[in-house]
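> Next comes work.tsv, TSV, C-alpha atoms (C1' of nucleotides):
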chain	number	residue	atom	x	y	z
A	13	MET	CA	119.12	34.92	19.19
A	14	ARG	CA	122.42	34.55	20.95
A	15	PRO	CA	123.33	37.09	23.59
A	16	ALA	CA	126.03	38.53	21.30
A	17	ARG	CA	129.47	38.22	22.82
A	18	HIS	CA	131.89	41.07	22.90
A	19	PRO	CA	135.58	40.55	23.58
A	20	GLU	CA	137.18	42.26	26.54
A	21	VAL	CA	139.39	45.23	25.77
A	22	GLY	CA	142.44	43.18	26.57
A	23	ASP	CA	141.39	40.44	24.21
A	24	ILE	CA	141.20	42.69	21.19
A	25	THR	CA	144.01	41.75	18.84
A	26	LEU	CA	145.77	43.91	16.32
A	27	THR	CA	145.49	41.38	13.53
A	28	GLY	CA	141.81	40.99	14.30
A	29	VAL	CA	141.22	44.71	14.04
A	30	LEU	CA	143.27	45.08	10.88
A	31	ALA	CA	141.57	42.12	9.24
A	32	ALA	CA	138.19	43.51	10.16
A	33	LEU	CA	139.13	46.83	8.62
A	34	SER	CA	140.42	45.36	5.40
A	35	ASP	CA	136.95	45.29	3.91
A	36	PRO	CA	135.52	48.47	2.38
A	37	ILE	CA	132.02	47.87	3.68
A	38	ARG	CA	133.20	47.42	7.23
A	39	VAL	CA	135.32	50.53	6.95
A	40	GLY	CA	132.21	52.31	5.78
A	41	VAL	CA	130.29	51.17	8.82
A	42	VAL	CA	133.08	52.34	11.09
A	43	ARG	CA	133.15	55.69	9.34
A	44	VAL	CA	129.43	56.11	9.90
A	45	LEU	CA	129.89	55.30	13.56
A	46	ALA	CA	132.98	57.43	13.91
A	47	ASP	CA	131.14	60.33	15.50
A	48	GLY	CA	130.35	58.15	18.47
A	49	SER	CA	126.64	58.07	17.94
A	50	GLU	CA	124.60	54.92	18.31
A	51	ARG	CA	122.92	53.76	15.15
A	52	GLY	CA	120.07	51.40	14.50
A	53	TRP	CA	120.76	48.45	12.31
A	54	GLY	CA	118.16	49.60	9.85
A	55	GLU	CA	119.81	52.94	9.36
A	56	PHE	CA	122.62	51.45	7.37
A	57	GLN	CA	122.32	51.46	3.65
A	58	ALA	CA	124.82	49.26	1.87
A	59	PRO	CA	124.86	47.46	-1.48
A	60	VAL	CA	124.68	43.99	0.10
A	61	ALA	CA	121.98	41.64	1.28
A	62	LYS	CA	120.87	41.99	4.86
A	63	SER	CA	122.37	38.67	5.79
A	64	THR	CA	125.69	39.87	4.48
A	65	LEU	CA	125.44	43.10	6.40
A	66	SER	CA	124.61	41.10	9.48
A	67	HIS	CA	127.75	39.11	8.86
A	68	HIS	CA	129.87	42.24	8.62
A	69	LEU	CA	128.35	43.63	11.79
A	70	ARG	CA	129.22	40.37	13.46
A	71	VAL	CA	132.82	40.50	12.26
A	72	LEU	CA	133.18	44.02	13.60
A	73	ARG	CA	131.66	42.99	16.91
A	74	ASP	CA	133.82	39.88	17.23
A	75	ALA	CA	136.91	41.90	16.47
A	76	GLY	CA	135.99	44.26	19.29
A	77	LEU	CA	135.40	47.29	17.13
A	78	THR	CA	131.74	47.77	17.92
A	79	ARG	CA	129.28	47.06	20.67
A	80	THR	CA	125.78	45.83	20.00
A	81	ARG	CA	122.76	46.45	22.13
A	82	GLN	CA	119.39	44.87	21.62
A	83	GLU	CA	116.13	46.59	22.34
A	84	GLY	CA	113.05	44.62	21.56
A	85	THR	CA	113.31	43.50	17.99
A	86	ARG	CA	115.80	46.08	16.82
A	87	CYS	CA	119.42	46.36	17.73
A	88	PHE	CA	121.76	49.26	17.93
A	89	VAL	CA	125.45	49.44	17.33
A	90	VAL	CA	128.08	51.83	18.59
A	91	LEU	CA	131.82	52.16	18.05
A	92	ARG	CA	134.01	51.20	20.99
A	93	GLY	CA	136.02	54.33	20.40
A	94	GLY	CA	137.36	54.89	23.86
A	95	GLU	CA	138.46	51.34	24.43
A	96	LEU	CA	140.09	51.16	21.04
A	97	ARG	CA	141.96	54.38	21.57
A	98	ASP	CA	143.05	53.07	24.91
A	99	ARG	CA	144.34	49.82	23.52
A	100	PHE	CA	145.77	50.98	20.19
A	101	PRO	CA	146.52	54.67	20.52
A	102	GLY	CA	146.36	56.53	17.26
A	103	LEU	CA	145.29	53.57	15.20
A	104	LEU	CA	141.65	54.46	14.85
A	105	GLU	CA	142.41	58.07	14.02
A	106	ALA	CA	144.96	57.09	11.40
A	107	VAL	CA	142.64	54.61	9.75
A	108	LEU	CA	139.72	57.00	9.77
A	109	ALA	CA	141.81	59.81	8.35
A	110	ALA	CA	143.15	57.54	5.62
A	111	ALA	CA	139.69	56.25	4.83
A	112	GLU	CA	138.43	59.80	4.60
A	113	GLU	CA	141.25	60.71	2.29
A	114	GLU	CA	140.47	57.78	0.03
A	115	ASP	CA	136.72	58.12	0.48
A	116	LEU	CA	136.79	54.47	1.33
A	117	GLY	CA	133.55	52.87	2.36
A	118	ARG	CA	131.40	55.51	0.73
A	119	GLN	CA	129.10	52.71	-0.33
A	120	VAL	CA	127.79	52.65	3.20
A	121	ALA	CA	125.42	55.49	4.00
A	122	LEU	CA	122.65	56.36	6.38
A	123	LYS	CA	119.02	56.05	5.55
A	124	PRO	CA	116.87	58.89	6.77
A	125	ALA	CA	116.18	57.23	10.11
A	126	PRO	CA	112.52	56.31	10.07
A	127	GLY	CA	110.60	56.73	13.28
A	128	ILE	CA	113.32	58.66	15.02
A	129	THR	CA	112.15	62.07	13.99
B	16	MET	CA	162.38	36.47	-12.80
B	17	ARG	CA	159.97	39.33	-13.24
B	18	PRO	CA	161.22	42.86	-12.66
B	19	ALA	CA	159.09	43.11	-9.50
B	20	ARG	CA	156.55	45.87	-9.74
B	21	HIS	CA	156.03	48.38	-7.02
B	22	PRO	CA	152.89	50.49	-6.84
B	23	GLU	CA	153.18	54.26	-6.95
B	24	VAL	CA	152.65	56.05	-3.68
B	25	GLY	CA	149.30	57.28	-4.89
B	26	ASP	CA	148.22	53.79	-5.82
B	27	ILE	CA	148.71	52.40	-2.34
B	28	THR	CA	145.31	51.62	-0.90
B	29	LEU	CA	144.30	51.55	2.72
B	30	THR	CA	142.56	48.20	2.46
B	31	GLY	CA	145.60	46.79	0.74
B	32	VAL	CA	147.88	47.93	3.53
B	33	LEU	CA	145.55	46.72	6.26
B	34	ALA	CA	145.06	43.37	4.59
B	35	ALA	CA	148.80	43.00	4.19
B	36	LEU	CA	149.27	43.75	7.87
B	37	SER	CA	146.63	41.34	9.05
B	38	ASP	CA	149.07	38.47	9.01
B	39	PRO	CA	151.45	37.98	11.95
B	40	ILE	CA	154.40	36.96	9.81
B	41	ARG	CA	154.11	40.03	7.61
B	42	VAL	CA	153.83	42.23	10.68
B	43	GLY	CA	156.99	40.57	11.92
B	44	VAL	CA	158.78	41.40	8.71
B	45	VAL	CA	157.65	45.00	8.93
B	46	ARG	CA	158.82	45.18	12.52
B	47	VAL	CA	162.23	43.93	11.52
B	48	LEU	CA	162.38	46.56	8.80
B	49	ALA	CA	160.98	49.28	11.00
B	50	ASP	CA	164.36	50.84	11.73
B	51	GLY	CA	164.68	51.72	8.09
B	52	SER	CA	167.57	49.44	7.35
B	53	GLU	CA	167.77	47.34	4.25
B	54	ARG	CA	167.77	43.63	4.84
B	55	GLY	CA	168.76	40.70	2.73
B	56	TRP	CA	166.17	38.12	2.01
B	57	GLY	CA	168.26	35.48	3.71
B	58	GLU	CA	168.46	37.41	6.94
B	59	PHE	CA	164.87	36.63	7.78
B	60	GLN	CA	164.20	33.70	9.96
B	61	ALA	CA	160.57	32.63	10.08
B	62	PRO	CA	158.80	29.34	10.73
B	63	VAL	CA	157.58	28.96	7.16
B	64	ALA	CA	158.91	27.47	3.95
B	65	LYS	CA	160.90	29.77	1.73
B	66	SER	CA	158.22	29.77	-0.90
B	67	THR	CA	155.76	30.96	1.69
B	68	LEU	CA	158.10	33.68	2.84
B	69	SER	CA	158.60	34.71	-0.75
B	70	HIS	CA	154.85	34.93	-1.06
B	71	HIS	CA	154.61	37.18	2.00
B	72	LEU	CA	157.37	39.40	0.70
B	73	ARG	CA	155.45	39.65	-2.53
B	74	VAL	CA	152.25	40.60	-0.74
B	75	LEU	CA	154.05	43.32	1.16
B	76	ARG	CA	155.64	44.59	-2.02
B	77	ASP	CA	152.38	44.55	-3.97
B	78	ALA	CA	150.65	46.41	-1.18
B	79	GLY	CA	153.31	49.09	-1.37
B	80	LEU	CA	154.75	48.50	2.07
B	81	THR	CA	158.21	47.48	0.98
B	82	ARG	CA	160.59	48.03	-1.87
B	83	THR	CA	162.67	45.22	-3.28
B	84	ARG	CA	166.04	45.63	-4.92
B	85	GLN	CA	167.89	42.88	-6.66
B	86	GLU	CA	171.61	42.55	-6.63
B	87	GLY	CA	172.98	39.58	-8.44
B	88	THR	CA	171.30	36.54	-7.05
B	89	ARG	CA	170.22	38.04	-3.77
B	90	CYS	CA	167.61	40.61	-3.18
B	91	PHE	CA	167.19	43.18	-0.50
B	92	VAL	CA	164.08	44.64	0.96
B	93	VAL	CA	163.43	47.92	2.68
B	94	LEU	CA	160.38	49.52	4.22
B	95	ARG	CA	158.83	52.41	2.30
B	96	GLY	CA	158.55	54.29	5.54
B	97	GLY	CA	158.64	57.81	4.22
B	98	GLU	CA	156.13	57.24	1.49
B	99	LEU	CA	153.79	55.41	3.84
B	100	ARG	CA	153.98	58.15	6.43
B	101	ASP	CA	153.29	60.63	3.71
B	102	ARG	CA	150.25	58.81	2.44
B	103	PHE	CA	148.80	57.53	5.70
B	104	PRO	CA	150.09	59.76	8.48
B	105	GLY	CA	150.31	58.02	11.81
B	106	LEU	CA	149.18	54.66	10.55
B	107	LEU	CA	152.57	52.98	10.49
B	108	GLU	CA	153.48	54.29	13.90
B	109	ALA	CA	150.21	53.17	15.42
B	110	VAL	CA	150.48	49.70	13.95
B	111	LEU	CA	154.10	49.32	14.99
B	112	ALA	CA	153.38	50.49	18.50
B	113	ALA	CA	150.45	48.13	18.79
B	114	ALA	CA	152.47	45.26	17.40
B	115	GLU	CA	155.21	46.01	19.89
B	116	GLU	CA	152.72	46.06	22.70
B	117	GLU	CA	151.34	42.68	21.67
B	118	ASP	CA	154.73	41.32	20.69
B	119	LEU	CA	153.09	40.43	17.43
B	120	GLY	CA	155.27	38.90	14.77
B	121	ARG	CA	157.96	37.80	17.20
B	122	GLN	CA	158.22	34.62	15.14
B	123	VAL	CA	160.17	36.61	12.58
B	124	ALA	CA	163.75	37.25	13.58
B	125	LEU	CA	167.09	38.06	12.03
B	126	LYS	CA	169.71	35.50	11.30
B	127	PRO	CA	173.26	36.55	11.98
B	128	ALA	CA	173.86	37.84	8.46
B	129	PRO	CA	176.32	35.44	6.89
B	130	GLY	CA	178.95	36.76	4.54
B	131	ILE	CA	178.42	40.36	5.55
B	132	THR	CA	181.01	40.30	8.25
C	10	DT	C1'	180.94	24.17	-18.03
C	11	DT	C1'	179.38	22.30	-13.93
C	12	DC	C1'	177.99	23.01	-9.37
C	13	DG	C1'	175.83	25.32	-5.50
C	14	DA	C1'	173.29	29.08	-3.53
C	15	DT	C1'	169.39	32.10	-3.88
C	16	DG	C1'	164.70	33.43	-4.90
C	17	DT	C1'	160.72	33.10	-7.89
C	18	DT	C1'	156.95	30.70	-9.92
C	19	DC	C1'	153.70	26.90	-10.61
C	20	DC	C1'	150.56	23.69	-8.78
C	21	DA	C1'	147.74	21.78	-5.42
C	22	DC	C1'	145.58	21.48	-1.03
C	23	DG	C1'	142.69	22.90	3.01
C	24	DA	C1'	140.85	26.69	5.47
C	25	DA	C1'	138.76	30.99	5.70
C	26	DC	C1'	135.89	34.43	3.68
C	27	DA	C1'	132.24	37.13	1.13
C	28	DA	C1'	128.01	36.77	-0.80
C	29	DC	C1'	123.22	35.33	-1.34
C	30	DG	C1'	118.62	33.21	-0.51
C	31	DA	C1'	115.76	30.96	2.57
C	32	DA	C1'	114.33	29.51	6.85
C	33	DC	C1'	114.02	30.65	11.51
C	34	DG	C1'	112.97	33.19	16.03
C	35	DA	C1'	111.62	37.02	18.78
C	36	DA	C1'	108.94	41.13	19.68
C	37	DA	C1'	105.00	44.25	18.49
C	38	DG	C1'	100.28	45.07	16.46
C	39	DG	C1'	96.28	43.79	14.24
D	7	DC	C1'	95.20	34.00	17.18
D	8	DC	C1'	97.75	35.64	12.81
D	9	DT	C1'	100.71	38.89	10.53
D	10	DT	C1'	104.40	41.96	10.05
D	11	DT	C1'	108.89	43.47	11.04
D	12	DC	C1'	113.63	42.84	12.19
D	13	DG	C1'	117.73	40.55	12.59
D	14	DT	C1'	120.17	36.05	13.11
D	15	DT	C1'	121.49	31.64	11.48
D	16	DC	C1'	122.01	28.01	8.04
D	17	DG	C1'	123.36	25.99	3.71
D	18	DT	C1'	125.55	26.83	-0.49
D	19	DT	C1'	128.64	28.74	-3.92
D	20	DG	C1'	132.65	30.83	-5.59
D	21	DT	C1'	136.78	33.26	-4.40
D	22	DT	C1'	140.83	34.37	-1.85
D	23	DC	C1'	144.49	33.17	1.28
D	24	DG	C1'	148.27	30.67	3.67
D	25	DT	C1'	151.05	26.89	3.09
D	26	DG	C1'	154.52	23.66	1.25
D	27	DG	C1'	156.91	21.03	-2.37
D	28	DA	C1'	158.86	20.75	-6.86
D	29	DA	C1'	160.65	22.89	-10.83
D	30	DC	C1'	162.83	26.72	-12.81
D	31	DA	C1'	165.92	30.89	-13.50
D	32	DT	C1'	169.86	33.53	-12.33
D	33	DC	C1'	174.34	34.51	-10.68
D	34	DG	C1'	178.97	33.43	-8.59
D	35	DA	C1'	182.45	30.24	-7.88
D	36	DA	C1'	185.16	26.15	-8.73
Output the structure of this file as structure tokens.


Amino acid sequence: MRPARHPEVGDITLTGVLAALSDPIRVGVVRVLADGSERGWGEFQAPVAKSTLSHHLRVLRDAGLTRTRQEGTRCFVVLRGGELRDRFPGLLEAVLAAAEEEDLGRQVALKPAPGIT
Amino acid sequence: MRPARHPEVGDITLTGVLAALSDPIRVGVVRVLADGSERGWGEFQAPVAKSTLSHHLRVLRDAGLTRTRQEGTRCFVVLRGGELRDRFPGLLEAVLAAAEEEDLGRQVALKPAPGIT
DNA sequence: TTCGATGTTCCACGAACAACGAACGAAAGG
DNA sequence: CCTTTCGTTCGTTGTTCGTGGAACATCGAA
């Protein structure tokens, strides 16, 4: 497993972020993470194969939207909210509000986290 | 020439808008139109073939970002700023500010409008 | 009518992308 | 050791996208 690169805040590009957010599933993931909490990979429930979900997680990470941490065999993901707000003020809020209004990304939900009672 | 459809305000989707804005040239066009003025097709100067520019204009129109009016053989384009702000509050401003900060879409400029002296 | 200017549309190409299954690799437990 | 679990990576397939060139349609002017 590669060490999972994350771009620096300054290297996050607008087109990269917008492209990453132009997919409903990825918007759904961001919505789930919007409260700032860290989520385990397995908590996500989406109508795609796990390899596809892994791909989407990777796109979000490469675009600088999320940060991934690995702990043993599982990995956890968290939204880079602060850095994003710092770099693109208002963008995240606007997108999240619009997504909420459209109920975009509703296909992505949370499983009842197993083991984390 | 087709009558050029424009989506209703309510039919504008977030993913559509974000996808449309994930291309530097289209962001450049939006930046040029950001002051609300109506521009002639020929005023745009971009490093692409005219068919490609026409395609980008079409993508922006289909996504609901711009409105196209035809007058004789030329056509004019204007940003649907009010409607966009109404549907996705803050989104346009955030994107424009971010684009400004990155100088994204600088490849798109204005020719000195010929004939409109 | 004939010409030129202006955009649109069609077609084709290469690149990028989304999706899946399968194989792989790294812990953790038996 | 072997097995299970978890996530990545690979190979493939089909679709979409950006691009340019050529052909077409429309209007104004000569």

> List the spatial neighbours of D:DT11 as a PyMOL selection string - criterion: any atom at most 9 Å away, only C-alpha atoms (C1' of nucleotides), same-chain residues fewer than 6 positions off excluded.

(chain A and resi 85) or (chain C and resi 36-37)

> Using all C-alpha atoms paired in order, least-squares fit chain B onto chain A and give me the moved copy as a short mmCIF file (atom, residue, chain, number, x, y, z; two decimals) with C-alpha atoms, in the frame of the given file.


data_model
loop_
_atom_site.label_atom_id
_atom_site.label_comp_id
_atom_site.auth_asym_id
_atom_site.auth_seq_id
_atom_site.Cartn_x
_atom_site.Cartn_y
_atom_site.Cartn_z
CA MET B 16 119.15 34.81 19.13
CA ARG B 17 122.45 34.51 20.92
CA PRO B 18 123.33 37.10 23.54
CA ALA B 19 126.06 38.50 21.26
CA ARG B 20 129.47 38.24 22.82
CA HIS B 21 131.87 41.10 22.92
CA PRO B 22 135.56 40.56 23.58
CA GLU B 23 137.17 42.26 26.55
CA VAL B 24 139.37 45.22 25.77
CA GLY B 25 142.43 43.16 26.57
CA ASP B 26 141.33 40.41 24.24
CA ILE B 27 141.16 42.65 21.20
CA THR B 28 143.96 41.68 18.87
CA LEU B 29 145.72 43.85 16.35
CA THR B 30 145.41 41.33 13.55
CA GLY B 31 141.75 40.96 14.32
CA VAL B 32 141.18 44.69 14.06
CA LEU B 33 143.22 45.03 10.89
CA ALA B 34 141.51 42.09 9.27
CA ALA B 35 138.13 43.51 10.20
CA LEU B 36 139.10 46.82 8.64
CA SER B 37 140.39 45.33 5.44
CA ASP B 38 136.94 45.29 3.93
CA PRO B 39 135.51 48.47 2.39
CA ILE B 40 132.00 47.91 3.69
CA ARG B 41 133.18 47.45 7.25
CA VAL B 42 135.33 50.56 6.97
CA GLY B 43 132.23 52.36 5.78
CA VAL B 44 130.31 51.22 8.82
CA VAL B 45 133.09 52.37 11.09
CA ARG B 46 133.17 55.72 9.35
CA VAL B 47 129.47 56.15 9.90
CA LEU B 48 129.94 55.33 13.56
CA ALA B 49 133.03 57.45 13.91
CA ASP B 50 131.22 60.37 15.50
CA GLY B 51 130.42 58.19 18.46
CA SER B 52 126.70 58.11 17.94
CA GLU B 53 124.67 54.98 18.30
CA ARG B 54 122.97 53.81 15.16
CA GLY B 55 120.13 51.47 14.50
CA TRP B 56 120.79 48.51 12.33
CA GLY B 57 118.20 49.69 9.86
CA GLU B 58 119.86 53.04 9.39
CA PHE B 59 122.66 51.52 7.37
CA GLN B 60 122.33 51.54 3.67
CA ALA B 61 124.82 49.34 1.86
CA PRO B 62 124.81 47.51 -1.46
CA VAL B 63 124.68 44.07 0.11
CA ALA B 64 121.99 41.69 1.29
CA LYS B 65 120.90 42.03 4.88
CA SER B 66 122.41 38.71 5.79
CA THR B 67 125.72 39.93 4.47
CA LEU B 68 125.46 43.14 6.42
CA SER B 69 124.60 41.16 9.50
CA HIS B 70 127.72 39.13 8.89
CA HIS B 71 129.86 42.27 8.66
CA LEU B 72 128.34 43.65 11.82
CA ARG B 73 129.19 40.38 13.48
CA VAL B 74 132.78 40.52 12.28
CA LEU B 75 133.16 44.02 13.63
CA ARG B 76 131.63 43.00 16.93
CA ASP B 77 133.78 39.88 17.25
CA ALA B 78 136.88 41.90 16.50
CA GLY B 79 135.97 44.26 19.31
CA LEU B 80 135.41 47.30 17.15
CA THR B 81 131.75 47.79 17.94
CA ARG B 82 129.30 47.09 20.70
CA THR B 83 125.81 45.87 19.98
CA ARG B 84 122.80 46.51 22.15
CA GLN B 85 119.44 44.95 21.62
CA GLU B 86 116.21 46.70 22.32
CA GLY B 87 113.12 44.75 21.54
CA THR B 88 113.36 43.63 17.98
CA ARG B 89 115.87 46.19 16.83
CA CYS B 90 119.47 46.43 17.73
CA PHE B 91 121.81 49.33 17.92
CA VAL B 92 125.49 49.49 17.33
CA VAL B 93 128.12 51.87 18.58
CA LEU B 94 131.84 52.18 18.06
CA ARG B 95 134.05 51.22 20.99
CA GLY B 96 136.08 54.32 20.36
CA GLY B 97 137.41 54.90 23.83
CA GLU B 98 138.47 51.35 24.42
CA LEU B 99 140.11 51.13 21.01
CA ARG B 100 142.01 54.35 21.54
CA ASP B 101 143.10 53.05 24.88
CA ARG B 102 144.36 49.78 23.50
CA PHE B 103 145.78 50.93 20.19
CA PRO B 104 146.57 54.63 20.50
CA GLY B 105 146.41 56.47 17.23
CA LEU B 106 145.33 53.51 15.18
CA LEU B 107 141.68 54.44 14.83
CA GLU B 108 142.49 58.02 13.97
CA ALA B 109 145.03 57.02 11.36
CA VAL B 110 142.69 54.55 9.72
CA LEU B 111 139.79 56.99 9.74
CA ALA B 112 141.90 59.76 8.29
CA ALA B 113 143.22 57.48 5.59
CA ALA B 114 139.75 56.21 4.80
CA GLU B 115 138.53 59.78 4.56
CA GLU B 116 141.35 60.65 2.24
CA GLU B 117 140.53 57.72 -0.02
CA ASP B 118 136.80 58.10 0.43
CA LEU B 119 136.84 54.45 1.32
CA GLY B 120 133.57 52.90 2.35
CA ARG B 121 131.45 55.59 0.74
CA GLN B 122 129.10 52.81 -0.33
CA VAL B 123 127.80 52.74 3.22
CA ALA B 124 125.44 55.56 4.02
CA LEU B 125 122.67 56.44 6.43
CA LYS B 126 119.04 56.10 5.63
CA PRO B 127 116.82 58.85 6.92
CA ALA B 128 116.03 57.08 10.18
CA PRO B 129 112.38 56.10 9.97
CA GLY B 130 110.25 56.24 13.07
CA ILE B 131 112.75 58.29 15.02
CA THR B 132 111.30 61.58 14.00
#

> Residues within 8 Å of stretch 15-30 of chain D, please, as a list in words. Count all atoms listed in the file; anything in the same chain fewer than 2 positions from it doesn't count.

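The residues satisfying every condition are Val63, Ala64, Ser66 and Thr67 of chain B; DT18, DA25, DC26, DA32 and DC33 of chain C.
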
> Using all atoms of stretch 23-31 of chain D listed in the file and a margin of 4 Å per side, can you give the axis-aligned box centre and edge lengths in Å to one decimal, as JSON?


{"center_x": 155.2, "center_y": 27.0, "center_z": -4.9, "size_x": 29.4, "size_y": 20.4, "size_z": 25.2}

> Fewer than 6 positions away in the same chain doesn't count, so skip those; otherwise give me all residues within 12 Å of stretch 95-105 of chain B, counting only C-alpha atoms (C1' of nucleotides), as a PyMOL selection string.

(chain A and resi 100-114) or (chain B and resi 21-30+32-33+45-46+48-53+75-83+111-112)

> With distances taken over all atoms listed in the file, which of A:Arg81, A:Arg70, A:Arg51, A:Arg86 is nearest to chain C?

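When distances to chain C are compared using all atoms listed in the file, the smallest one comes from A:Arg86.
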
> Of the candidates B:Val47, B:Val42, B:Leu68, B:Val92, which shows the shortest atom-to-atom distance to B:Gly120, using all atoms listed in the file?

B:Val42

> Select, as a compact mmCIF listing (two decimals) with C-alpha atoms, in the coordinates of the input, those residues of chain B with any atom no more than 12 Å from chain C (distances computed using only C-alpha atoms (C1' of nucleotides)).


# COMPACT_ATOMS: atom_id res chain seq x y z
CA MET B 16 162.38 36.47 -12.80
CA ARG B 17 159.97 39.33 -13.24
CA PRO B 18 161.22 42.86 -12.66
CA ALA B 19 159.09 43.11 -9.50
CA GLY B 55 168.76 40.70 2.73
CA TRP B 56 166.17 38.12 2.01
CA GLY B 57 168.26 35.48 3.71
CA LYS B 65 160.90 29.77 1.73
CA SER B 66 158.22 29.77 -0.90
CA THR B 67 155.76 30.96 1.69
CA LEU B 68 158.10 33.68 2.84
CA SER B 69 158.60 34.71 -0.75
CA HIS B 70 154.85 34.93 -1.06
CA LEU B 72 157.37 39.40 0.70
CA ARG B 73 155.45 39.65 -2.53
CA GLN B 85 167.89 42.88 -6.66
CA GLU B 86 171.61 42.55 -6.63
CA GLY B 87 172.98 39.58 -8.44
CA THR B 88 171.30 36.54 -7.05
CA ARG B 89 170.22 38.04 -3.77
CA CYS B 90 167.61 40.61 -3.18
CA PHE B 91 167.19 43.18 -0.50

> Just how far from atom CA of A:Leu122 is atom CA of A:Ile37, in Å to one decimal?

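Between these atoms lies a distance of 12.9 Å.
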
> Check every residue of chain D for an atom within 8 Å of chain A, counting all atoms listed in the file, and provide those that qualify as number ranges by chain.

D: 12-14

> When you count all atoms listed in the file, which of these residues is closest to chain A: B:Ala61, B:Val93, B:Val44, B:Leu119?

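Smallest distance to chain A is found for B:Leu119.
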
> One decimal, in Å: what's the spacing between atom CA of A:Ala121 and atom CA of A:Gln57?

5.1 Å

> If I take atom C1' of D:DC33 and atom CA of B:Arg20, how far is one from the other in Å, to one decimal?

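Straight-line distance from atom C1' of D:DC33 to atom CA of B:Arg20 works out to 21.1 Å.
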
> For a quick check of understanding, using only C-alpha atoms, which of B:Leu94, B:Val74, B:Ala35, B:Val123 has the smallest distance to chain A?

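Going through B:Leu94, B:Val74, B:Ala35, B:Val123 one by one, the smallest distance to chain A is for B:Ala35.
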